[in-house]
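Shown next: coords-v7.cif, containing mmCIF, C-alpha atoms and all ligand atoms.
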```cif
data_final
#
loop_
_atom_site.label_atom_id
_atom_site.label_comp_id
_atom_site.auth_asym_id
_atom_site.auth_seq_id
_atom_site.Cartn_x
_atom_site.Cartn_y
_atom_site.Cartn_z
CA MET A 1 0.00 0.00 0.00
CA ASN A 2 1.05 3.51 -0.79
CA LYS A 3 2.72 5.29 2.15
CA ILE A 4 0.45 8.30 1.87
CA PHE A 5 -2.54 6.01 2.14
CA ILE A 6 -1.17 4.41 5.30
CA VAL A 7 -0.54 7.84 6.84
CA LEU A 8 -4.07 8.92 5.90
CA ILE A 9 -5.59 5.78 7.41
CA ILE A 10 -3.61 6.18 10.64
CA ALA A 11 -4.54 9.88 10.82
CA SER A 12 -8.22 9.19 10.26
CA ASN A 13 -8.17 6.39 12.86
CA LEU A 14 -6.57 8.73 15.37
CA LEU A 15 -9.09 11.46 14.62
CA CYS A 16 -11.90 8.97 14.91
CA SER A 17 -10.70 7.57 18.24
CA SER A 18 -10.14 11.03 19.72
CA ALA A 19 -13.63 12.08 18.55
CA ASN A 20 -14.92 8.89 20.17
CA ALA A 21 -13.10 9.68 23.39
CA GLU A 22 -14.56 13.20 23.39
CA ALA A 23 -18.06 11.82 22.92
CA GLN A 24 -17.54 9.26 25.69
CA ILE A 25 -16.20 11.92 28.08
CA GLU A 26 -19.19 14.15 27.34
CA LYS A 27 -21.59 11.28 27.89
CA VAL A 28 -20.10 10.02 31.15
CA SER A 29 -19.63 13.54 32.54
CA LYS A 30 -23.27 14.40 31.87
CA ILE A 31 -24.46 11.25 33.66
CA HIS A 32 -22.03 11.88 36.51
CA GLN A 33 -23.41 15.42 36.95
CA GLN A 34 -27.00 14.17 36.88
CA ILE A 35 -26.20 11.70 39.65
CA ALA A 36 -23.85 13.60 41.95
CA ASN A 37 -24.23 17.34 41.37
CA SER A 38 -27.09 18.62 43.53
CA ASN A 39 -27.37 21.84 41.47
CA VAL A 40 -28.27 20.06 38.25
CA GLY A 41 -29.10 16.56 39.45
CA ILE A 42 -29.58 14.36 42.49
CA GLY A 43 -26.60 14.86 44.85
CA ALA A 44 -26.38 12.91 48.14
CA ARG A 45 -28.39 9.67 48.01
CA GLU A 46 -28.54 8.20 51.48
CA ALA A 47 -29.82 4.63 51.76
CA GLY A 48 -33.58 4.56 52.32
CA SER A 49 -34.07 8.23 51.37
CA ILE A 50 -36.26 9.81 48.67
CA LYS A 51 -33.05 10.78 46.87
CA GLU A 52 -31.96 7.16 46.77
CA LYS A 53 -35.34 6.27 45.30
CA ASP A 54 -34.99 9.05 42.71
CA THR A 55 -31.63 7.58 41.73
CA ALA A 56 -33.17 4.13 41.34
CA LYS A 57 -35.77 5.60 38.97
CA TYR A 58 -33.05 7.38 37.00
CA ILE A 59 -31.08 4.14 36.60
CA SER A 60 -34.09 2.03 35.71
CA THR A 61 -35.19 4.55 33.06
CA ALA A 62 -31.67 4.61 31.60
CA PHE A 63 -31.47 0.79 31.38
CA LYS A 64 -34.91 0.59 29.76
CA GLU A 65 -34.00 3.25 27.21
CA MET A 66 -31.02 1.10 26.25
CA GLY A 67 -33.44 -1.74 25.52
CA LEU A 68 -32.04 -3.94 28.29
CA SER A 69 -34.20 -6.48 30.08
CA THR A 70 -34.65 -4.62 33.38
CA SER A 71 -36.01 -5.58 36.78
CA GLU A 72 -36.13 -4.21 40.32
CA GLN A 73 -35.65 -6.08 43.55
CA GLU A 74 -37.02 -4.35 46.62
CA PHE A 75 -35.80 -5.15 50.12
CA SER A 76 -36.02 -3.65 53.57
CA PHE A 77 -33.22 -3.16 56.04
CA GLY A 78 -32.34 -1.91 59.51
CA LYS A 79 -34.42 -1.64 62.65
CA ASP A 80 -36.69 0.96 61.01
CA ASN A 81 -37.38 -1.34 58.07
CA LEU A 82 -36.28 1.23 55.53
CA LYS A 83 -36.80 0.34 51.90
CA SER A 84 -34.26 0.20 49.12
CA ARG A 85 -33.96 -1.66 45.84
CA ASN A 86 -31.49 -3.18 43.40
CA ILE A 87 -31.83 -2.35 39.72
CA ILE A 88 -30.84 -5.22 37.45
CA ALA A 89 -30.40 -5.21 33.66
CA ASP A 90 -29.36 -8.01 31.31
CA THR A 91 -28.06 -7.83 27.76
CA ASN A 92 -29.20 -11.37 26.91
CA PRO A 93 -30.62 -13.33 29.85
CA LEU A 94 -31.19 -16.46 27.76
CA LEU A 95 -27.48 -17.22 27.44
CA ALA A 96 -26.01 -19.85 29.74
CA LYS A 97 -23.19 -17.77 31.19
CA THR A 98 -23.41 -14.40 32.89
CA ILE A 99 -20.79 -11.89 33.97
CA VAL A 100 -21.92 -9.29 36.49
CA LEU A 101 -20.74 -5.67 36.55
CA ALA A 102 -22.02 -3.91 39.65
CA ALA A 103 -21.89 -0.46 41.24
CA HIS A 104 -23.76 0.77 44.31
CA TYR A 105 -25.81 3.91 43.81
CA ASP A 106 -26.41 5.12 47.35
CA SER A 107 -24.02 7.53 49.06
CA THR A 108 -23.19 8.34 52.65
CA ALA A 109 -25.53 10.72 54.49
CA LYS A 110 -25.46 14.47 53.90
CA ASN A 111 -23.82 15.07 57.31
CA THR A 112 -20.53 13.68 55.98
CA GLY A 113 -20.46 16.58 53.49
CA SER A 114 -20.12 14.10 50.64
CA LEU A 115 -22.25 14.19 47.51
CA GLY A 116 -20.98 10.76 46.50
CA ALA A 117 -19.17 12.01 43.41
CA THR A 118 -16.51 9.30 43.43
CA ASP A 119 -18.16 7.00 45.99
CA ASN A 120 -19.95 5.90 44.03
CA GLY A 121 -21.31 8.30 41.41
CA ALA A 122 -18.19 7.53 39.37
CA GLY A 123 -18.73 3.75 39.38
CA LEU A 124 -22.40 4.16 38.56
CA ALA A 125 -21.84 6.65 35.72
CA ALA A 126 -19.17 4.41 34.16
CA MET A 127 -21.39 1.35 34.49
CA LEU A 128 -24.25 3.11 32.70
CA VAL A 129 -22.00 4.13 29.81
CA ILE A 130 -20.62 0.57 29.54
CA ALA A 131 -24.19 -0.78 29.59
CA SER A 132 -25.11 1.58 26.79
CA THR A 133 -22.18 0.35 24.65
CA MET A 134 -22.76 -3.33 25.42
CA SER A 135 -26.50 -3.06 24.76
CA LYS A 136 -25.64 -2.34 21.12
CA LYS A 137 -23.33 -5.35 20.70
CA LYS A 138 -25.37 -8.09 19.10
CA VAL A 139 -23.07 -11.10 19.21
CA LEU A 140 -21.66 -12.01 22.58
CA GLU A 141 -21.07 -15.45 24.00
CA TYR A 142 -22.47 -14.58 27.39
CA ASN A 143 -24.99 -12.38 29.08
CA ILE A 144 -23.82 -9.24 30.84
CA ARG A 145 -25.77 -8.33 33.95
CA PHE A 146 -25.50 -4.78 35.24
CA ILE A 147 -26.56 -4.37 38.85
CA ALA A 148 -26.97 -1.06 40.65
CA PHE A 149 -27.02 -1.97 44.33
CA GLY A 150 -28.92 0.05 46.91
CA ALA A 151 -27.93 0.59 50.55
CA GLU A 152 -24.25 -0.40 50.27
CA GLU A 153 -23.07 2.24 52.71
CA VAL A 154 -25.17 0.80 55.53
CA GLY A 155 -23.79 -2.74 55.47
CA LEU A 156 -23.93 -4.00 51.85
CA GLN A 157 -27.70 -4.50 52.18
CA GLY A 158 -28.43 -4.64 48.44
CA SER A 159 -25.71 -7.08 47.45
CA LYS A 160 -26.37 -9.31 50.45
CA TYR A 161 -30.05 -9.47 49.54
CA TYR A 162 -29.28 -10.17 45.89
CA VAL A 163 -26.94 -13.05 46.70
CA GLN A 164 -29.38 -14.47 49.28
CA GLN A 165 -32.09 -14.64 46.62
CA LEU A 166 -29.65 -15.99 44.04
CA SER A 167 -28.46 -18.74 46.35
CA LYS A 168 -31.99 -20.17 46.53
CA ASN A 169 -31.49 -21.28 42.94
CA ILE A 170 -28.19 -23.10 42.45
CA GLU A 171 -28.58 -23.19 38.67
CA LYS A 172 -29.02 -19.41 38.52
CA ARG A 173 -26.05 -18.94 40.81
CA ASN A 174 -23.87 -21.22 38.71
CA GLU A 175 -24.64 -19.18 35.60
CA ILE A 176 -22.60 -16.33 37.04
CA ILE A 177 -18.99 -16.94 36.12
CA ALA A 178 -17.52 -13.68 37.43
CA MET A 179 -18.42 -10.44 39.18
CA VAL A 180 -16.69 -7.07 38.85
CA ASN A 181 -17.38 -4.44 41.50
CA PHE A 182 -16.96 -0.77 40.56
CA ASP A 183 -16.75 1.16 43.82
CA THR A 184 -14.88 4.49 43.89
CA ILE A 185 -13.12 3.93 40.58
CA ALA A 186 -11.97 7.56 40.27
CA GLY A 187 -10.47 10.30 42.42
CA GLY A 188 -7.53 8.47 44.04
CA ASP A 189 -3.93 8.62 42.83
CA TYR A 190 -3.92 5.14 41.21
CA ILE A 191 -6.44 2.62 39.97
CA TYR A 192 -6.14 -0.77 41.65
CA VAL A 193 -7.83 -4.05 40.96
CA HIS A 194 -8.21 -6.55 43.78
CA SER A 195 -9.32 -10.14 44.17
CA ALA A 196 -11.07 -11.59 47.24
CA HIS A 197 -8.96 -12.23 50.34
CA THR A 198 -7.22 -15.60 50.49
CA THR A 199 -8.64 -16.04 54.00
CA PRO A 200 -12.41 -16.47 53.63
CA TYR A 201 -14.64 -13.58 54.66
CA LYS A 202 -17.15 -14.15 57.45
CA CYS A 203 -19.92 -15.42 55.22
CA SER A 204 -23.52 -15.44 56.37
CA LEU A 205 -24.67 -18.19 54.00
CA ASP A 206 -24.64 -21.75 55.34
CA ASN A 207 -23.72 -23.18 51.98
CA ALA A 208 -20.83 -20.80 51.51
CA GLN A 209 -18.35 -21.96 48.89
CA TYR A 210 -15.91 -19.16 49.27
CA ASN A 211 -14.02 -18.24 46.11
CA SER A 212 -10.79 -16.23 45.99
CA ASP A 213 -9.84 -16.98 42.36
CA THR A 214 -7.75 -14.29 40.73
CA ASN A 215 -8.79 -15.03 37.12
CA ILE A 216 -11.09 -12.04 36.70
CA ARG A 217 -8.58 -9.73 38.41
CA GLU A 218 -5.86 -10.95 36.04
CA ALA A 219 -8.16 -10.49 33.04
CA LEU A 220 -8.79 -6.89 34.09
CA LEU A 221 -5.07 -6.31 34.53
CA ALA A 222 -4.46 -7.68 31.04
CA ALA A 223 -7.27 -5.59 29.55
CA SER A 224 -5.93 -2.47 31.26
CA LYS A 225 -2.44 -3.15 29.90
CA LYS A 226 -3.87 -3.55 26.41
CA VAL A 227 -5.91 -0.34 26.62
CA LEU A 228 -3.76 1.96 28.77
CA GLY A 229 -0.28 0.62 28.14
CA GLU A 230 2.22 -0.84 30.58
CA LYS A 231 2.93 2.50 32.30
CA ASN A 232 -0.68 3.42 33.00
CA GLN A 233 -2.28 0.03 33.50
CA TYR A 234 -4.18 -0.90 36.68
CA VAL A 235 -2.00 -1.98 39.57
CA ILE A 236 -2.32 -4.47 42.37
CA HIS A 237 -1.46 -3.27 45.84
CA PRO A 238 1.69 -4.51 47.62
CA GLU A 239 1.44 -6.72 50.68
CA TYR A 240 0.48 -4.94 53.89
CA GLU A 241 -0.42 -6.13 57.35
CA GLY A 242 -3.13 -8.78 57.17
CA TYR A 243 -3.46 -8.45 53.39
CA PRO A 244 -1.34 -10.39 50.92
CA LYS A 245 -0.57 -8.66 47.64
CA GLY A 246 -3.63 -7.78 45.55
CA VAL A 247 -6.38 -9.04 47.85
CA THR A 248 -9.07 -7.01 49.54
CA GLY A 249 -11.40 -7.12 52.54
CA SER A 250 -15.16 -7.58 52.71
CA TRP A 251 -16.18 -3.90 52.81
CA SER A 252 -17.97 -3.63 49.51
CA ASP A 253 -20.48 -5.42 47.28
CA HIS A 254 -18.05 -8.03 45.96
CA ALA A 255 -17.97 -9.80 49.34
CA PRO A 256 -21.34 -11.62 49.21
CA PHE A 257 -20.44 -12.88 45.71
CA ALA A 258 -17.09 -14.30 46.85
CA CYS A 259 -19.00 -15.97 49.69
CA ALA A 260 -21.37 -17.54 47.17
CA GLY A 261 -18.48 -19.09 45.26
CA ILE A 262 -18.19 -16.55 42.45
CA PRO A 263 -14.78 -15.16 41.37
CA ILE A 264 -14.67 -11.40 41.91
CA ALA A 265 -12.58 -8.37 41.02
CA TYR A 266 -12.90 -5.02 42.71
CA VAL A 267 -11.76 -1.84 40.94
CA GLU A 268 -10.85 1.00 43.31
CA SER A 269 -8.87 4.22 43.01
CA THR A 270 -6.72 5.04 46.00
CA ASN A 271 -3.07 5.06 47.10
CA PHE A 272 -1.53 2.16 49.01
CA THR A 273 1.87 3.83 49.29
CA ILE A 274 0.64 6.29 51.95
CA ASN A 275 1.20 5.55 55.63
CA GLY A 276 -2.31 6.61 56.63
CA LYS A 277 -4.11 6.73 59.94
CA ASP A 278 -4.16 2.94 60.25
CA GLY A 279 -1.07 2.24 58.17
CA TYR A 280 -0.73 1.29 54.53
CA ASP A 281 -4.32 0.19 54.09
CA GLY A 282 -5.30 2.29 51.08
CA TYR A 283 -7.83 4.34 53.02
CA SER A 284 -5.79 7.49 52.28
CA GLN A 285 -6.50 8.05 48.62
CA SER A 286 -4.19 10.87 47.64
CA ILE A 287 -1.04 12.76 48.55
CA HIS A 288 -2.66 16.06 47.48
CA PRO A 289 -1.81 18.50 50.34
CA ALA A 290 -5.35 19.97 50.34
CA LEU A 291 -6.59 16.64 51.70
CA TRP A 292 -4.24 16.79 54.71
CA ASP A 293 -3.71 19.17 57.64
CA CYS A 294 -0.03 18.93 56.79
CA TYR A 295 1.38 16.32 54.44
CA ASP A 296 4.94 15.08 54.87
CA ASP A 297 5.95 14.26 51.32
CA LYS A 298 9.21 12.60 52.30
CA ASN A 299 7.67 10.10 54.69
CA LYS A 300 4.34 9.89 52.86
CA THR A 301 2.27 10.52 55.95
CA ALA A 302 0.85 13.28 58.18
CA CYS A 303 3.48 15.72 59.50
CA ASN A 304 2.22 14.92 62.97
CA ARG A 305 0.54 11.52 63.14
CA ASN A 306 -0.78 12.16 66.65
CA THR A 307 -2.60 15.42 66.15
CA GLU A 308 -3.75 15.65 62.55
CA THR A 309 -7.33 14.97 61.53
CA LYS A 310 -7.31 14.96 57.71
CA TRP A 311 -5.81 11.80 56.23
CA GLY A 312 -5.94 12.17 52.47
CA ASN A 313 -9.32 10.53 51.98
CA ILE A 314 -11.97 11.71 49.53
CA TRP A 315 -14.69 9.13 50.19
CA HIS A 316 -17.21 9.94 52.92
CA SER A 317 -15.82 13.49 53.19
CA GLN A 318 -16.59 17.04 52.04
CA PHE A 319 -14.09 16.53 49.21
CA ASP A 320 -16.30 14.01 47.43
CA LYS A 321 -17.95 16.53 45.12
CA ILE A 322 -17.42 16.85 41.37
CA GLU A 323 -16.52 20.57 41.47
CA THR A 324 -14.12 20.23 44.41
CA LEU A 325 -12.30 17.32 42.79
CA GLU A 326 -12.07 19.16 39.49
CA GLN A 327 -10.40 22.07 41.29
CA LEU A 328 -7.95 19.82 43.14
CA PHE A 329 -7.24 17.44 40.26
CA PRO A 330 -8.11 19.04 36.90
CA ASN A 331 -9.36 16.39 34.42
CA ARG A 332 -8.39 13.48 36.69
CA VAL A 333 -11.87 12.12 37.38
CA THR A 334 -13.01 12.28 33.76
CA LYS A 335 -9.79 10.64 32.58
CA GLN A 336 -10.13 7.83 35.11
CA LEU A 337 -13.79 7.37 34.17
CA LEU A 338 -12.87 7.07 30.51
CA ASP A 339 -10.00 4.66 31.26
CA ASN A 340 -12.27 2.43 33.32
CA ILE A 341 -14.95 2.46 30.63
CA ASN A 342 -12.46 1.52 27.92
CA VAL A 343 -10.85 -1.22 30.02
CA MET A 344 -14.19 -2.76 30.95
CA ASN A 345 -15.53 -2.58 27.40
CA THR A 346 -12.38 -4.36 26.23
CA LEU A 347 -12.64 -6.99 28.94
CA LEU A 348 -16.29 -7.66 28.13
CA SER A 349 -15.55 -7.90 24.43
CA ASP A 350 -12.61 -10.30 24.98
CA PHE A 351 -14.17 -12.22 27.82
CA TYR A 352 -14.60 -15.55 26.04
CA GLN A 353 -10.82 -15.80 25.93
CA PHE A 354 -10.54 -16.45 29.63
CA SER A 355 -14.00 -17.62 30.62
CA LYS A 356 -14.11 -21.21 31.78
ZN ZN B 1 -18.65 2.94 47.98
#
```
Before we go any further, please render this structure as structure tokens.
Ligand SMILES: [Zn+2]
Amino acid sequence: MNKIFIVLIIASNLLCSSANAEAQIEKVSKIHQQIANSNVGIGAREAGSIKEKDTAKYISTAFKEMGLSTSEQEFSFGKDNLKSRNIIADTNPLLAKTIVLAAHYDSTAKNTGSLGATDNGAGLAAMLVIASTMSKKKVLEYNIRFIAFGAEEVGLQGSKYYVQQLSKNIEKRNEIIAMVNFDTIAGGDYIYVHSAHTTPYKCSLDNAQYNSDTNIREALLAASKKVLGEKNQYVIHPEYEGYPKGVTGSWSDHAPFACAGIPIAYVESTNFTINGKDGYDGYSQSIHPALWDCYDDKNKTACNRNTETKWGNIWHSQFDKIETLEQLFPNRVTKQLLDNINVMNTLLSDFYQFSK
């Protein structure tokens, strides 16, 4: 082929992919604003509140507009019997194998100052964009189930309820070959992917068949390397006290799935190199000095560990707002959203290569 032709093809591909990226950024940012910006959209979405219910409606409408087979699962929780619901959408529920992508849609209460921009407006917005892309793909070898879980922040109520119901039907449970949890996938300094802890979680189900396989984590790592390159790919956290390399605890919606014998991966943006309040546990998400009373860059910790009160965390704090994060980290959240969307779309498109 003529060299000029090759150059033209490469140039038009580049133009096309950057136009695509622009369109994706616009799409995900708009959804993110509608979920987490209280001036133009919903804002804080505490479990059991009207705002949480409004968010459920928003999600359900979005899934239906994509033409996905959509259902709702209502449950009650807590001593006041508050109501919440999971919103579930399938691309092709008749297929024998299912991969789950999940994101919780509630946020912490208003009194934390958080509007749930990254925890978990980011995960939810990305999931909706991925659902929109996957709803248009006609030929896939497996069903993709998108689940927006309610009431995560008050003890994983939605995911626990979902897995309880699922476990009543072994066949249905066995259809699920992997689960990916998007919880706080933007905001922090790095994007990590974890697998379930090698020591089983405290599982509430009697028939627990705990699963700590790393196959879905490794597939996400590979997809991220393919999409983002070696330098920018997802990372797995180093070993720290009580946690071998790359494994995570039971504090989010992946835990009930691991308990039910399903391999999980959990995508989370944070920073495990910081010596935070309780050590190197990843709870401190960023070294940005605005998130600390005084940050000691040399020792990667608070200047005075005994007296300081701000520990570099965004989640559950007044920093978890779209506008605030944009001021502190220009373009970071949108870039991380786009990266996560591209990685997950690639994983879902390539999935047959590693599915059992
Ligand atoms: Zn969360």
task = Please identify every polymer residue within 8 Å of ligand ZN 1 (chain B), using only C-alpha atoms and all ligand atoms, and present the set as JSON, numbers by chain.
result = {"A": [104, 107, 119, 120, 152, 153, 183, 184, 252, 315]}
ask   = Could you state the separation of CA of Asp320 (chain A) and CA of Ala125 (chain A) in Å, given to one decimal place?
value =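 Atom-to-atom, CA of Asp320 (chain A) and CA of Ala125 (chain A) are spaced 14.9 Å apart.
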ask   = When distances are computed from only C-alpha atoms, which of A:Glu74, A:Asn211, A:Ala151, A:Phe63 shows the smallest separation from Met134 (chain A)?
value =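 Looking at the shortest contact to Met134 (chain A), the residue is A:Phe63.
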Polymer residues at most 9 Å from Ser84 (chain A), only C-alpha atoms, same-chain spacing of 5 or more positions, as a ChimeraX atom specification = /A:47-49,52-53,56,73-77,149-151,157-158
So that I have them on file, write out the residues from the current selection with C-alpha atoms, as a PDB file, in the frame of the given file.
```pdb
ATOM      1  CA  ALA A  47     -29.820   4.630  51.760  1.00  0.00           C
ATOM      2  CA  GLY A  48     -33.580   4.560  52.320  1.00  0.00           C
ATOM      3  CA  SER A  49     -34.070   8.230  51.370  1.00  0.00           C
ATOM      4  CA  GLU A  52     -31.960   7.160  46.770  1.00  0.00           C
ATOM      5  CA  LYS A  53     -35.340   6.270  45.300  1.00  0.00           C
ATOM      6  CA  ALA A  56     -33.170   4.130  41.340  1.00  0.00           C
ATOM      7  CA  GLN A  73     -35.650  -6.080  43.550  1.00  0.00           C
ATOM      8  CA  GLU A  74     -37.020  -4.350  46.620  1.00  0.00           C
ATOM      9  CA  PHE A  75     -35.800  -5.150  50.120  1.00  0.00           C
ATOM     10  CA  SER A  76     -36.020  -3.650  53.570  1.00  0.00           C
ATOM     11  CA  PHE A  77     -33.220  -3.160  56.040  1.00  0.00           C
ATOM     12  CA  PHE A 149     -27.020  -1.970  44.330  1.00  0.00           C
ATOM     13  CA  GLY A 150     -28.920   0.050  46.910  1.00  0.00           C
ATOM     14  CA  ALA A 151     -27.930   0.590  50.550  1.00  0.00           C
ATOM     15  CA  GLN A 157     -27.700  -4.500  52.180  1.00  0.00           C
ATOM     16  CA  GLY A 158     -28.430  -4.640  48.440  1.00  0.00           C
TER      17      GLY A 158
END
```
inquiry  = Taking only C-alpha atoms into account, name the residue in A:Pro263, A:Ile50, A:Gly116, A:Phe272 that is nearest to Ile176 (chain A).
reply    = A:Pro263
key: CA of Ala126 (chain A) to CA of Asp339 (chain A), distance in Å rounded to a single decimal   =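 Computed distance, CA of Ala126 (chain A) to CA of Asp339 (chain A), equals 9.6 Å.
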ask   = Just how far from CA of Thr112 (chain A) is CA of Ile42 (chain A), in Å to one decimal?
value =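 According to the coordinates, CA of Ile42 (chain A) and CA of Thr112 (chain A) are separated by 16.3 Å.
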inquiry  = Counting all atoms listed in the file, I want the residues whose atoms come within 6 Å of (-1.9, 5.5, 44.3) in the file frame, returned as number ranges by chain.
reply    = A: 189-190, 270-272
task = Do a neighbour search on Lys300 (chain A) at 10 Å with only C-alpha atoms, toss out local chain neighbours closer than 2 positions, and write the hits as number ranges by chain.
result = A: 273-276, 287, 295-298, 302-303
inquiry  = Could you check the closest approach to Thr61 (chain A) for each of A:Ser17, A:Ala265, A:Ile88, A:Tyr283 and tell me which residue wins, using all atoms listed in the file?
reply    =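 Nearest candidate to Thr61 (chain A) out of A:Ser17, A:Ala265, A:Ile88, A:Tyr283: A:Ile88.
Nearest residue to Ser349 (chain A), choosing from A:Glu141, A:Asp90, A:Glu268, A:Asp80 and counting only C-alpha atoms: A:Glu141.
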query = Using all atoms listed in the file, which residues sit within 9 Å of Ser250 (chain A) once same-chain residues fewer than 6 positions away are excluded, as a PyMOL selection string?
reply = chain A and resi 196-197+201-202+256
ask   = Closest to Lys335 (chain A) among A:Trp251, A:Lys160, A:Ile185, A:Ala222, using only C-alpha atoms?
value =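 Residue with the minimum atom-to-atom distance to Lys335 (chain A): A:Ile185.
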